[in-house]
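Enquirer: Hey, dropping model-v5.pdb in here, PDB, C-alpha atoms and all ligand atoms:
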```pdb
MODEL        1
ATOM      1  CA  MET A   1     -96.352  13.577  49.267
ATOM      2  CA  SER A   2     -95.123  14.445  45.806
ATOM      3  CA  GLU A   3     -93.230  17.590  45.085
ATOM      4  CA  GLU A   4     -96.295  18.952  43.362
ATOM      5  CA  GLU A   5     -98.575  18.325  46.297
ATOM      6  CA  HIS A   6     -96.081  19.915  48.589
ATOM      7  CA  CYS A   7     -96.052  23.084  46.547
ATOM      8  CA  ARG A   8     -99.821  23.124  46.286
ATOM      9  CA  ALA A   9    -100.127  22.970  50.038
ATOM     10  CA  GLY A  10     -97.987  26.052  50.071
ATOM     11  CA  VAL A  11    -100.147  27.939  47.615
ATOM     12  CA  HIS A  12    -103.704  26.886  48.389
ATOM     13  CA  GLY A  13    -103.620  25.235  51.761
ATOM     14  CA  HIS A  14    -103.315  26.911  55.099
ATOM     15  CA  ARG A  15     -99.847  28.158  54.483
ATOM     16  CA  PRO A  16     -97.679  28.116  57.565
ATOM     17  CA  ASP A  17     -95.655  31.232  58.170
ATOM     18  CA  ILE A  18     -92.377  29.417  58.213
ATOM     19  CA  SER A  19     -90.694  27.660  55.328
ATOM     20  CA  CYS A  20     -89.017  24.262  55.160
ATOM     21  CA  ARG A  21     -85.722  26.126  55.279
ATOM     22  CA  GLU A  22     -86.679  27.647  58.607
ATOM     23  CA  VAL A  23     -87.827  24.304  59.949
ATOM     24  CA  SER A  24     -84.409  22.932  59.133
ATOM     25  CA  GLU A  25     -82.712  25.946  60.695
ATOM     26  CA  PHE A  26     -84.688  25.912  63.930
ATOM     27  CA  LEU A  27     -84.874  22.173  64.374
ATOM     28  CA  LEU A  28     -82.339  22.082  67.166
ATOM     29  CA  ALA A  29     -84.010  24.930  69.018
ATOM     30  CA  TYR A  30     -87.338  23.154  68.596
ATOM     31  CA  LEU A  31     -86.065  19.831  69.914
ATOM     32  CA  ASP A  32     -84.294  21.583  72.784
ATOM     33  CA  ARG A  33     -87.580  23.355  73.575
ATOM     34  CA  GLU A  34     -85.982  26.734  73.158
ATOM     35  CA  LEU A  35     -88.561  28.224  70.780
ATOM     36  CA  ASP A  36     -91.024  30.710  72.227
ATOM     37  CA  GLU A  37     -94.645  29.644  72.194
ATOM     38  CA  PRO A  38     -95.791  31.365  68.948
ATOM     39  CA  SER A  39     -92.752  30.058  67.043
ATOM     40  CA  ARG A  40     -93.326  26.607  68.425
ATOM     41  CA  ALA A  41     -96.941  26.690  67.272
ATOM     42  CA  GLU A  42     -95.879  27.795  63.775
ATOM     43  CA  PHE A  43     -93.269  25.099  63.695
ATOM     44  CA  GLU A  44     -95.780  22.419  64.630
ATOM     45  CA  LEU A  45     -98.324  23.711  62.147
ATOM     46  CA  HIS A  46     -95.725  23.406  59.432
ATOM     47  CA  LEU A  47     -95.028  19.822  60.476
ATOM     48  CA  LYS A  48     -98.733  18.991  60.267
ATOM     49  CA  LEU A  49     -98.795  20.165  56.663
ATOM     50  CA  CYS A  50     -95.430  18.975  55.459
ATOM     51  CA  PRO A  51     -94.528  15.262  55.575
ATOM     52  CA  PRO A  52     -91.020  15.803  54.142
ATOM     53  CA  CYS A  53     -90.152  18.030  57.098
ATOM     54  CA  VAL A  54     -91.502  15.357  59.453
ATOM     55  CA  ASN A  55     -89.271  12.833  57.695
ATOM     56  CA  TYR A  56     -86.352  15.185  58.036
ATOM     57  CA  LEU A  57     -86.999  15.658  61.739
ATOM     58  CA  GLU A  58     -87.345  11.944  62.359
ATOM     59  CA  GLY A  59     -84.122  11.187  60.536
ATOM     60  CA  TYR A  60     -82.394  13.880  62.570
ATOM     61  CA  ARG A  61     -83.615  12.333  65.806
ATOM     62  CA  ASP A  62     -82.678   8.873  64.591
ATOM     63  CA  THR A  63     -79.199  10.130  63.741
ATOM     64  CA  ILE A  64     -78.683  11.160  67.354
ATOM     65  CA  ALA A  65     -80.048   7.841  68.591
ATOM     66  CA  LEU A  66     -77.911   5.870  66.169
ATOM     67  CA  VAL A  67     -74.756   7.726  67.155
ATOM     68  CA  ARG A  68     -75.456   6.842  70.779
ATOM     69  CA  ALA A  69     -76.343   3.251  70.044
ATOM     70  CA  CYS A  70     -73.238   2.648  67.963
ATOM     71  CA  THR A  71     -70.757   4.226  70.332
ATOM     72  CA  ARG A  72     -72.252   3.577  73.723
ATOM     73  CA  ASP A  73     -70.605   0.288  74.639
ATOM     74  CA  ASP A  74     -67.750   0.079  72.207
ATOM     75  CA  ALA A  75     -65.287   0.048  75.074
ATOM     76  CA  GLU A  76     -66.344  -3.380  76.181
ATOM     77  CA  GLY A  77     -69.069  -5.926  75.846
ATOM     78  CA  ALA A  78     -70.228  -5.005  72.367
ATOM     79  CA  ALA A  79     -68.233  -7.750  70.729
ATOM     80  CA  ALA A  80     -69.612 -10.451  72.947
ATOM     81  CA  LYS A  81     -73.156  -9.162  72.651
ATOM     82  CA  SER A  82     -73.614  -8.643  68.956
ATOM     83  CA  CYS A  83     -70.920 -10.864  67.594
ATOM     84  CA  GLU A  84     -72.025 -12.525  64.401
ATOM     85  CA  GLY A  85     -68.866 -14.503  64.069
ATOM     86  CA  GLN A  86     -67.258 -11.916  61.875
ATOM     87  CA  PRO A  87     -63.570 -12.560  61.552
ATOM     88  CA  ASN A  88     -62.768  -9.002  60.496
ATOM     89  CA  GLN A  89     -64.148  -7.434  63.631
ATOM     90  CA  ARG A  90     -61.863  -4.984  65.374
ATOM     91  CA  PRO A  91     -60.140  -6.739  68.229
ATOM     92  CA  LYS A  92     -62.085  -5.439  71.211
ATOM     93  CA  LYS A  93     -59.850  -4.592  74.106
ATOM     94  CA  ALA A  94     -60.353  -6.453  77.298
ATOM     95  CA  PRO A  95     -59.230  -4.379  80.275
ATOM     96  CA  PRO A  96     -56.000  -2.952  78.847
ATOM     97  CA  GLU A  97     -53.572  -4.561  81.253
ATOM     98  CA  GLY A  98     -50.522  -3.156  79.488
ATOM     99  CA  LEU A  99     -51.840   0.357  79.874
ATOM    100  CA  ILE A 100     -52.759  -0.251  83.506
ATOM    101  CA  GLN A 101     -49.232  -1.440  84.278
ATOM    102  CA  ALA A 102     -47.733   1.527  82.444
ATOM    103  CA  ILE A 103     -49.867   3.913  84.474
ATOM    104  CA  LEU A 104     -48.971   2.209  87.751
ATOM    105  CA  SER A 105     -45.250   2.373  87.101
ATOM    106  CA  ALA A 106     -45.416   5.962  85.847
ATOM    107  CA  LYS A 107     -47.158   6.835  89.080
ATOM    108  CA  CYS A 108     -44.476   5.072  91.139
ATOM    109  CA  ARG A 109     -41.815   7.118  89.376
ATOM    110  CA  ALA A 110     -43.809  10.291  89.962
ATOM    111  CA  ALA A 111     -44.253   9.468  93.626
ATOM    112  CA  ALA A 112     -40.564   8.661  94.049
ATOM    113  CA  GLY A 113     -39.589  11.925  92.369
ATOM    114  CA  LYS A 114     -41.934  13.823  94.590
ATOM    115  CA  SER A 115     -40.679  12.345  97.878
ATOM    116  CA  SER A 116     -36.976  12.689  97.041
ATOM    117  CA  GLU A 117     -37.267  16.420  96.375
TER     118      GLU A 117
ATOM    119  CA  MET B 118     -60.457  18.746 106.611
ATOM    120  CA  SER B 119     -64.166  18.212 106.908
ATOM    121  CA  THR B 120     -66.093  17.181 103.853
ATOM    122  CA  GLU B 121     -69.306  16.495 105.722
ATOM    123  CA  ALA B 122     -71.168  19.526 104.475
ATOM    124  CA  ALA B 123     -71.910  18.180 101.035
ATOM    125  CA  SER B 124     -72.800  14.674 102.078
ATOM    126  CA  SER B 125     -75.952  15.367 104.056
ATOM    127  CA  ALA B 126     -79.465  14.521 102.995
ATOM    128  CA  SER B 127     -79.839  16.666  99.895
ATOM    129  CA  GLY B 128     -76.672  15.291  98.226
ATOM    130  CA  ALA B 129     -76.129  17.262  95.044
ATOM    131  CA  ASN B 130     -75.394  14.203  92.948
ATOM    132  CA  GLY B 131     -78.277  11.968  93.811
ATOM    133  CA  PRO B 132     -77.779   8.744  95.725
ATOM    134  CA  SER B 133     -74.776   8.471  97.978
ATOM    135  CA  LEU B 134     -71.503   7.125  96.671
ATOM    136  CA  ASP B 135     -71.181   3.407  96.562
ATOM    137  CA  SER B 136     -68.867   1.928  99.105
ATOM    138  CA  GLU B 137     -66.124   1.142  96.592
ATOM    139  CA  GLU B 138     -65.966   4.732  95.444
ATOM    140  CA  ARG B 139     -65.870   5.937  99.017
ATOM    141  CA  GLU B 140     -63.025   3.558  99.850
ATOM    142  CA  ILE B 141     -61.054   4.680  96.829
ATOM    143  CA  ILE B 142     -61.486   8.319  97.739
ATOM    144  CA  GLU B 143     -60.441   7.726 101.338
ATOM    145  CA  GLY B 144     -57.484   5.624 100.214
ATOM    146  CA  MET B 145     -56.358   8.271  97.732
ATOM    147  CA  ARG B 146     -56.515  10.909 100.426
ATOM    148  CA  ALA B 147     -54.445   8.705 102.707
ATOM    149  CA  GLY B 148     -51.865   8.112  99.954
ATOM    150  CA  ASP B 149     -52.609   4.388  99.684
ATOM    151  CA  ASP B 150     -51.044   2.772  96.592
ATOM    152  CA  ARG B 151     -53.754   0.138  96.319
ATOM    153  CA  ALA B 152     -56.413   2.839  96.170
ATOM    154  CA  PHE B 153     -54.677   4.299  93.147
ATOM    155  CA  GLU B 154     -54.611   0.925  91.446
ATOM    156  CA  ARG B 155     -58.301   0.424  92.162
ATOM    157  CA  LEU B 156     -59.019   3.863  90.774
ATOM    158  CA  VAL B 157     -57.168   2.998  87.595
ATOM    159  CA  ARG B 158     -58.825  -0.393  87.152
ATOM    160  CA  ALA B 159     -62.298   0.931  87.807
ATOM    161  CA  HIS B 160     -62.090   3.751  85.284
ATOM    162  CA  VAL B 161     -59.450   3.024  82.669
ATOM    163  CA  GLY B 162     -61.765   1.274  80.175
ATOM    164  CA  PRO B 163     -64.371   3.990  79.636
ATOM    165  CA  LEU B 164     -61.752   6.745  79.841
ATOM    166  CA  ARG B 165     -59.672   5.117  77.162
ATOM    167  CA  ALA B 166     -62.762   4.813  74.988
ATOM    168  CA  VAL B 167     -63.402   8.548  75.304
ATOM    169  CA  ALA B 168     -59.798   9.410  74.509
ATOM    170  CA  LEU B 169     -59.792   7.083  71.526
ATOM    171  CA  ARG B 170     -63.016   8.534  70.205
ATOM    172  CA  LEU B 171     -61.570  12.023  70.301
ATOM    173  CA  LEU B 172     -58.045  11.224  69.155
ATOM    174  CA  LYS B 173     -58.726   8.349  66.734
ATOM    175  CA  ASN B 174     -55.350   6.863  67.575
ATOM    176  CA  ASP B 175     -54.429   4.175  70.120
ATOM    177  CA  ALA B 176     -51.026   5.492  71.107
ATOM    178  CA  ASP B 177     -52.293   9.035  71.682
ATOM    179  CA  ALA B 178     -55.271   7.737  73.608
ATOM    180  CA  ASP B 179     -53.047   5.653  75.914
ATOM    181  CA  ASP B 180     -50.805   8.622  76.444
ATOM    182  CA  ILE B 181     -53.604  10.950  77.390
ATOM    183  CA  VAL B 182     -55.184   8.433  79.744
ATOM    184  CA  GLN B 183     -51.854   7.879  81.471
ATOM    185  CA  GLU B 184     -51.313  11.609  81.841
ATOM    186  CA  ALA B 185     -54.815  11.981  83.186
ATOM    187  CA  PHE B 186     -54.287   9.408  85.929
ATOM    188  CA  LEU B 187     -50.975  10.988  86.876
ATOM    189  CA  SER B 188     -52.638  14.337  87.035
ATOM    190  CA  ALA B 189     -55.394  12.849  89.192
ATOM    191  CA  PHE B 190     -52.754  11.392  91.486
ATOM    192  CA  ARG B 191     -50.873  14.670  91.821
ATOM    193  CA  ASN B 192     -53.942  16.825  92.188
ATOM    194  CA  PHE B 193     -56.253  14.641  94.182
ATOM    195  CA  ASP B 194     -56.649  17.536  96.632
ATOM    196  CA  SER B 195     -58.668  19.318  93.992
ATOM    197  CA  PHE B 196     -61.210  16.505  93.781
ATOM    198  CA  ARG B 197     -64.337  17.727  95.484
ATOM    199  CA  ALA B 198     -66.383  15.405  97.608
ATOM    200  CA  ASP B 199     -69.661  16.413  96.022
ATOM    201  CA  SER B 200     -68.777  15.141  92.561
ATOM    202  CA  ARG B 201     -68.221  11.676  91.187
ATOM    203  CA  LEU B 202     -64.776  10.308  90.463
ATOM    204  CA  GLN B 203     -65.976   9.272  87.038
ATOM    205  CA  THR B 204     -67.097  12.797  86.186
ATOM    206  CA  TRP B 205     -63.915  14.334  87.487
ATOM    207  CA  LEU B 206     -61.635  11.913  85.589
ATOM    208  CA  HIS B 207     -63.724  12.195  82.444
ATOM    209  CA  ARG B 208     -63.219  15.932  82.450
ATOM    210  CA  ILE B 209     -59.452  15.577  82.861
ATOM    211  CA  VAL B 210     -59.236  13.128  79.966
ATOM    212  CA  VAL B 211     -61.452  15.181  77.661
ATOM    213  CA  ASN B 212     -59.436  18.288  78.436
ATOM    214  CA  GLY B 213     -56.164  16.508  77.747
ATOM    215  CA  ALA B 214     -57.438  15.012  74.510
ATOM    216  CA  LEU B 215     -58.746  18.355  73.254
ATOM    217  CA  GLN B 216     -55.451  20.042  74.049
ATOM    218  CA  ARG B 217     -53.632  17.391  72.119
ATOM    219  CA  LEU B 218     -55.954  17.820  69.153
ATOM    220  CA  ARG B 219     -55.313  21.556  69.151
ATOM    221  CA  ARG B 220     -51.572  21.068  69.276
ATOM    222  CA  ALA B 221     -51.671  18.478  66.511
ATOM    223  CA  LYS B 222     -53.673  20.853  64.376
ATOM    224  CA  HIS B 223     -51.157  23.644  64.856
ATOM    225  CA  ARG B 224     -48.348  21.328  63.963
ATOM    226  CA  ALA B 225     -49.948  19.818  60.876
ATOM    227  CA  GLY B 226     -51.949  22.791  59.651
ATOM    228  CA  GLN B 227     -54.888  20.497  59.182
ATOM    229  CA  GLN B 228     -55.472  16.894  60.053
ATOM    230  CA  GLY B 229     -53.649  14.627  57.701
ATOM    231  CA  ASP B 230     -55.367  11.415  58.659
ATOM    232  CA  GLY B 231     -57.891  10.008  56.235
ATOM    233  CA  GLU B 232     -60.320  11.920  54.100
ATOM    234  CA  LEU B 233     -62.670  14.284  55.842
ATOM    235  CA  VAL B 234     -66.036  15.391  54.558
ATOM    236  CA  ASP B 235     -67.009  18.947  53.744
ATOM    237  CA  VAL B 236     -69.865  19.688  56.124
ATOM    238  CA  SER B 237     -71.251  22.560  54.068
ATOM    239  CA  GLU B 238     -71.797  20.194  51.154
ATOM    240  CA  LEU B 239     -73.822  17.853  53.316
ATOM    241  CA  LEU B 240     -76.296  20.413  54.641
ATOM    242  CA  PRO B 241     -79.810  20.515  53.196
ATOM    243  CA  ARG B 242     -80.286  22.922  50.296
ATOM    244  CA  PHE B 243     -83.239  25.176  49.635
ATOM    245  CA  ALA B 244     -84.592  27.221  46.783
ATOM    246  CA  ALA B 245     -85.075  30.961  47.213
ATOM    247  CA  ASN B 246     -88.686  30.411  48.307
ATOM    248  CA  GLY B 247     -87.585  28.202  51.173
ATOM    249  CA  HIS B 248     -88.610  24.909  49.565
ATOM    250  CA  PRO B 249     -86.127  22.080  49.844
ATOM    251  CA  GLU B 250     -84.263  20.895  46.764
ATOM    252  CA  HIS B 251     -84.717  17.364  47.976
ATOM    253  CA  PHE B 252     -87.799  16.010  49.748
ATOM    254  CA  SER B 253     -86.894  13.851  52.697
ATOM    255  CA  GLN B 254     -88.178  10.293  52.680
ATOM    256  CA  PRO B 255     -88.801   8.175  55.746
ATOM    257  CA  TRP B 256     -86.038   5.758  56.713
ATOM    258  CA  VAL B 257     -86.822   2.134  56.019
ATOM    259  CA  GLN B 258     -84.810   0.641  58.863
ATOM    260  CA  THR B 259     -85.174   1.228  62.554
ATOM    261  CA  ILE B 260     -82.368   2.254  64.865
ATOM    262  CA  GLU B 261     -82.641  -1.107  66.606
ATOM    263  CA  GLU B 262     -82.176  -2.992  63.341
ATOM    264  CA  LEU B 263     -79.224  -0.833  62.369
ATOM    265  CA  ALA B 264     -77.485  -0.824  65.711
ATOM    266  CA  THR B 265     -77.489  -4.583  66.151
ATOM    267  CA  ARG B 266     -75.318  -5.137  63.077
ATOM    268  CA  ALA B 267     -71.652  -4.951  63.964
ATOM    269  CA  GLU B 268     -70.781  -3.853  60.462
ATOM    270  CA  THR B 269     -73.230  -0.956  60.585
ATOM    271  CA  ARG B 270     -71.995   0.111  63.989
ATOM    272  CA  GLU B 271     -68.490   0.265  62.595
ATOM    273  CA  GLN B 272     -69.665   2.251  59.562
ATOM    274  CA  VAL B 273     -71.412   4.766  61.788
ATOM    275  CA  ARG B 274     -68.273   5.242  63.854
ATOM    276  CA  GLN B 275     -66.228   5.724  60.711
ATOM    277  CA  MET B 276     -68.651   8.353  59.448
ATOM    278  CA  ILE B 277     -68.347  10.272  62.703
ATOM    279  CA  ASP B 278     -64.570  10.118  62.305
ATOM    280  CA  LYS B 279     -64.883  11.737  58.882
ATOM    281  CA  LEU B 280     -66.327  14.936  60.276
ATOM    282  CA  PRO B 281     -63.794  17.750  60.606
ATOM    283  CA  ASP B 282     -62.571  18.205  64.191
ATOM    284  CA  ASN B 283     -64.554  21.426  64.739
ATOM    285  CA  TYR B 284     -67.754  19.509  64.263
ATOM    286  CA  ARG B 285     -66.660  16.085  65.418
ATOM    287  CA  THR B 286     -65.585  17.243  68.872
ATOM    288  CA  VAL B 287     -68.868  19.066  69.484
ATOM    289  CA  LEU B 288     -70.894  16.062  68.343
ATOM    290  CA  ILE B 289     -68.886  13.703  70.533
ATOM    291  CA  LEU B 290     -69.107  15.846  73.643
ATOM    292  CA  ARG B 291     -72.816  16.638  73.261
ATOM    293  CA  ASP B 292     -74.310  13.493  71.758
ATOM    294  CA  ILE B 293     -72.003  10.740  72.932
ATOM    295  CA  GLU B 294     -70.471  12.000  76.153
ATOM    296  CA  GLU B 295     -73.709  13.817  76.911
ATOM    297  CA  LEU B 296     -72.170  16.996  78.273
ATOM    298  CA  ASP B 297     -74.450  20.017  78.205
ATOM    299  CA  THR B 298     -73.991  23.031  75.967
ATOM    300  CA  SER B 299     -72.222  25.183  78.538
ATOM    301  CA  GLU B 300     -69.794  22.443  79.623
ATOM    302  CA  THR B 301     -69.001  21.749  75.987
ATOM    303  CA  ALA B 302     -68.523  25.442  75.281
ATOM    304  CA  GLU B 303     -66.158  25.783  78.201
ATOM    305  CA  LEU B 304     -64.054  22.772  77.254
ATOM    306  CA  LEU B 305     -63.797  23.832  73.622
ATOM    307  CA  GLU B 306     -63.330  27.520  74.424
ATOM    308  CA  LEU B 307     -66.342  28.442  72.307
ATOM    309  CA  THR B 308     -69.504  30.409  72.952
ATOM    310  CA  PRO B 309     -72.651  28.389  73.665
ATOM    311  CA  GLY B 310     -74.128  29.797  70.454
ATOM    312  CA  THR B 311     -71.250  28.420  68.403
ATOM    313  CA  VAL B 312     -71.604  25.034  70.081
ATOM    314  CA  LYS B 313     -75.266  24.921  69.077
ATOM    315  CA  VAL B 314     -74.595  25.917  65.482
ATOM    316  CA  ARG B 315     -71.833  23.345  65.112
ATOM    317  CA  LEU B 316     -73.827  20.603  66.778
ATOM    318  CA  HIS B 317     -76.759  21.240  64.488
ATOM    319  CA  ARG B 318     -74.593  21.206  61.369
ATOM    320  CA  ALA B 319     -72.721  18.137  62.505
ATOM    321  CA  ARG B 320     -75.989  16.264  63.030
ATOM    322  CA  GLN B 321     -77.375  17.446  59.708
ATOM    323  CA  ALA B 322     -74.250  16.428  57.854
ATOM    324  CA  LEU B 323     -74.181  13.073  59.572
ATOM    325  CA  ARG B 324     -77.879  12.547  58.903
ATOM    326  CA  ASN B 325     -77.193  13.040  55.226
ATOM    327  CA  LEU B 326     -74.134  10.762  55.265
ATOM    328  CA  LEU B 327     -75.946   7.986  57.086
ATOM    329  CA  GLU B 328     -78.935   8.165  54.792
ATOM    330  CA  ARG B 329     -76.720   7.945  51.749
ATOM    331  CA  GLU B 330     -74.111   5.439  52.873
ATOM    332  CA  LEU B 331     -76.474   3.078  54.650
ATOM    333  CA  GLU B 332     -79.128   3.453  51.936
ATOM    334  CA  LEU B 333     -81.835   4.258  54.410
ATOM    335  CA  THR B 334     -84.572   5.436  52.053
ATOM    336  CA  ALA B 335     -86.689   3.300  49.751
ATOM    337  CA  ASN B 336     -85.617   4.975  46.511
ATOM    338  CA  ALA B 337     -82.108   5.924  47.508
TER     339      ALA B 337
HETATM  340 ZN    ZN C   1     -91.575  21.614  55.178
ENDMDL
END
```
Can I see the file as C-alpha cells?
Ligand SMILES: [Zn+2]

Expert:
Amino acid sequence: MSEEEHCRAGVHGHRPDISCREVSEFLLAYLDRELDEPSRAEFELHLKLCPPCVNYLEGYRDTIALVRACTRDDAEGAAAKSCEGQPNQRPKKAPPEGLIQAILSAKCRAAAGKSSE
Amino acid sequence: MSTEAASSASGANGPSLDSEEREIIEGMRAGDDRAFERLVRAHVGPLRAVALRLLKNDADADDIVQEAFLSAFRNFDSFRADSRLQTWLHRIVVNGALQRLRRAKHRAGQQGDGELVDVSELLPRFAANGHPEHFSQPWVQTIEELATRAETREQVRQMIDKLPDNYRTVLILRDIEELDTSETAELLELTPGTVKVRLHRARQALRNLLERELELTANA
C-alpha cells in the first residue's frame, strides 16, 4: 500500500476509530490479550484496513522470536550446531571447569569457617 | 521436617522431580559434599549464561555465579520443596546480577562500556493526525533463516547489549528468561505498569535496530 492509498483509506474508507499511533501504543496490550472487547475489535478492524500496521506488528512479533532464537542456547551447543567453520566465532565455553573448581573450594572455605565458629 | 504436603498428586509444578534432582535435594539437606558438587555441575552452565547476559562481562558473571552457589549452600533451608532447584537458583543469580548492575551504575554514574543507543530515537514517529512518518514494510527474511547464521545471532546479541540497562534488563527478564510481568517488577523494584512500558519500548527500539542493521526490508 502506498502512502497515498493509506491516507485515502483513512478519508473515504471505513475509517477505524483508532490511529496507527494508537495501534503502535497498544500493541503490547493487544498481544497480551489485555484489551477489552470493543478496543480489541477496533484494533483488529484497523489491522484489516492498514497493511503497514500489520507489517509493524509482524516485525514486532518476529523481534521477540529472534531475540529468543539468538540467545536461547548460547550457553552451549550453539557452536556445534550452527558452526559454519567461522574462525572468528566466540570461543564457546564448555562446562566451565575453572569456575566449578573455584566454587567448590570457596564452599569448602565457607563450610570450614562455619564449623570452626 | 515433613515436606510431604506439597508432593502429593496435584504437585504445583507439574510432573514430579526427576530422581537426580531429588537426590541432590536430599544430599544437600544431609550436608553431603558430593550433592553440592552435583548441584553446581548440573546448573552452572545456564546460570552463567544468564549472569553474562545481564552483566556483559565474564569476570563479573563468574563472581555472581559463585556467590549464588555459596548463598544456596548457606541458605538451603530456605529452598522449598514445591519449587524447582533451577528456578530457585535462577532467581538468586538474577537478583545478584541486578544488584551488581545497580551498584556499578551508582559508582560510574552511567555505564561506561561501549556505545548505547537512545531508545527514544528508535521509537516509531507519527504525525499529529496519528499517521506514521514511515510505513512499515514486511521483512524479507524469516526468523529461521536469520537465526541459523552465527554471524546474525551474534549481531542480534550485540544489539540487545546496546540497549540502556533500564530497557535491557526488562527485555532480558521478560523475553529471554521468560519471567512474567510481576516477577520482573519485583526483581527490578518497579511497578508492573513500568515493566510493560519499558518492555514495549525496548522491543520497539530493537525492532527498528534489527530492521535497519540487518537490512530486513526490500527497499531498506
Ligand atoms: Zn495503521

Enquirer: In Å to one decimal, how far is atom CA of B:Val182 from atom CA of A:Arg72?

Expert: 18.7 Å

Enquirer: Could you please extract the residues within 8 Å of ligand ZN 1 (chain C), counting only C-alpha atoms and all ligand atoms, and hand them back as a ChimeraX atom specification?

Expert: /A:19-21,23,46-47,49-54 /B:248-249

Enquirer: Can you give me, as number ranges by chain, the residues this file yields under the PyMOL selection byres (((chain B and resi 208) around 12) and not hetatm)?

Expert: B: 164, 167-168, 181-182, 185-186, 188-189, 196, 200-207, 209-215, 290, 294, 296, 300-301, 303-305

Enquirer: Identify which of the residues A:Cys70, A:Ile18, A:Cys108, A:Phe26 lies closest to chain B, counting all atoms listed in the file when measuring atom-to-atom distances.

Expert: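 Among the listed residues, A:Cys70 lies closest to chain B.
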
Enquirer: When you get a sec, could you note down which chain B residues fall within 8 Å of chain A, using all atoms listed in the file, as a VMD selection string?

Expert: chain B and resid 154 157 to 158 161 to 163 165 to 166 179 183 186 to 187 190 241 243 246 to 249 252 to 256 260 263 to 267 270 to 271 273 to 274 292 to 293 313 317 320 to 321 323 to 324 327

Enquirer: Please work out which residues fall within 6 Å of (-60.6, 11.1, 56.6), coordinates as given in the file, with all atoms listed in the file counting, and return them as number ranges by chain.

Expert: B: 230-233, 279

Enquirer: Go through B:Asp149, B:Asp278, B:Asp177, B:Glu143 one by one, measure the shortest atom-to-atom distance of each to B:Leu218 using all atoms listed in the file, and give the residue with the smallest value.

Expert: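 Looking at the shortest contact to B:Leu218, the residue is B:Asp177.
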
Enquirer: Suppose you want the space between atom CA of B:Arg318 and atom CA of B:Val287; what is it in Å?

Expert: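 Taking atom CA of B:Arg318 as the start and atom CA of B:Val287 as the end point, the length is 10.2 Å.
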
Enquirer: Record the distance separating atom CA of B:Ala319 and atom CA of B:Glu238, expressed in Å with one decimal.

Expert: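 We find that atom CA of B:Ala319 and atom CA of B:Glu238 lie 11.6 Å from each other.
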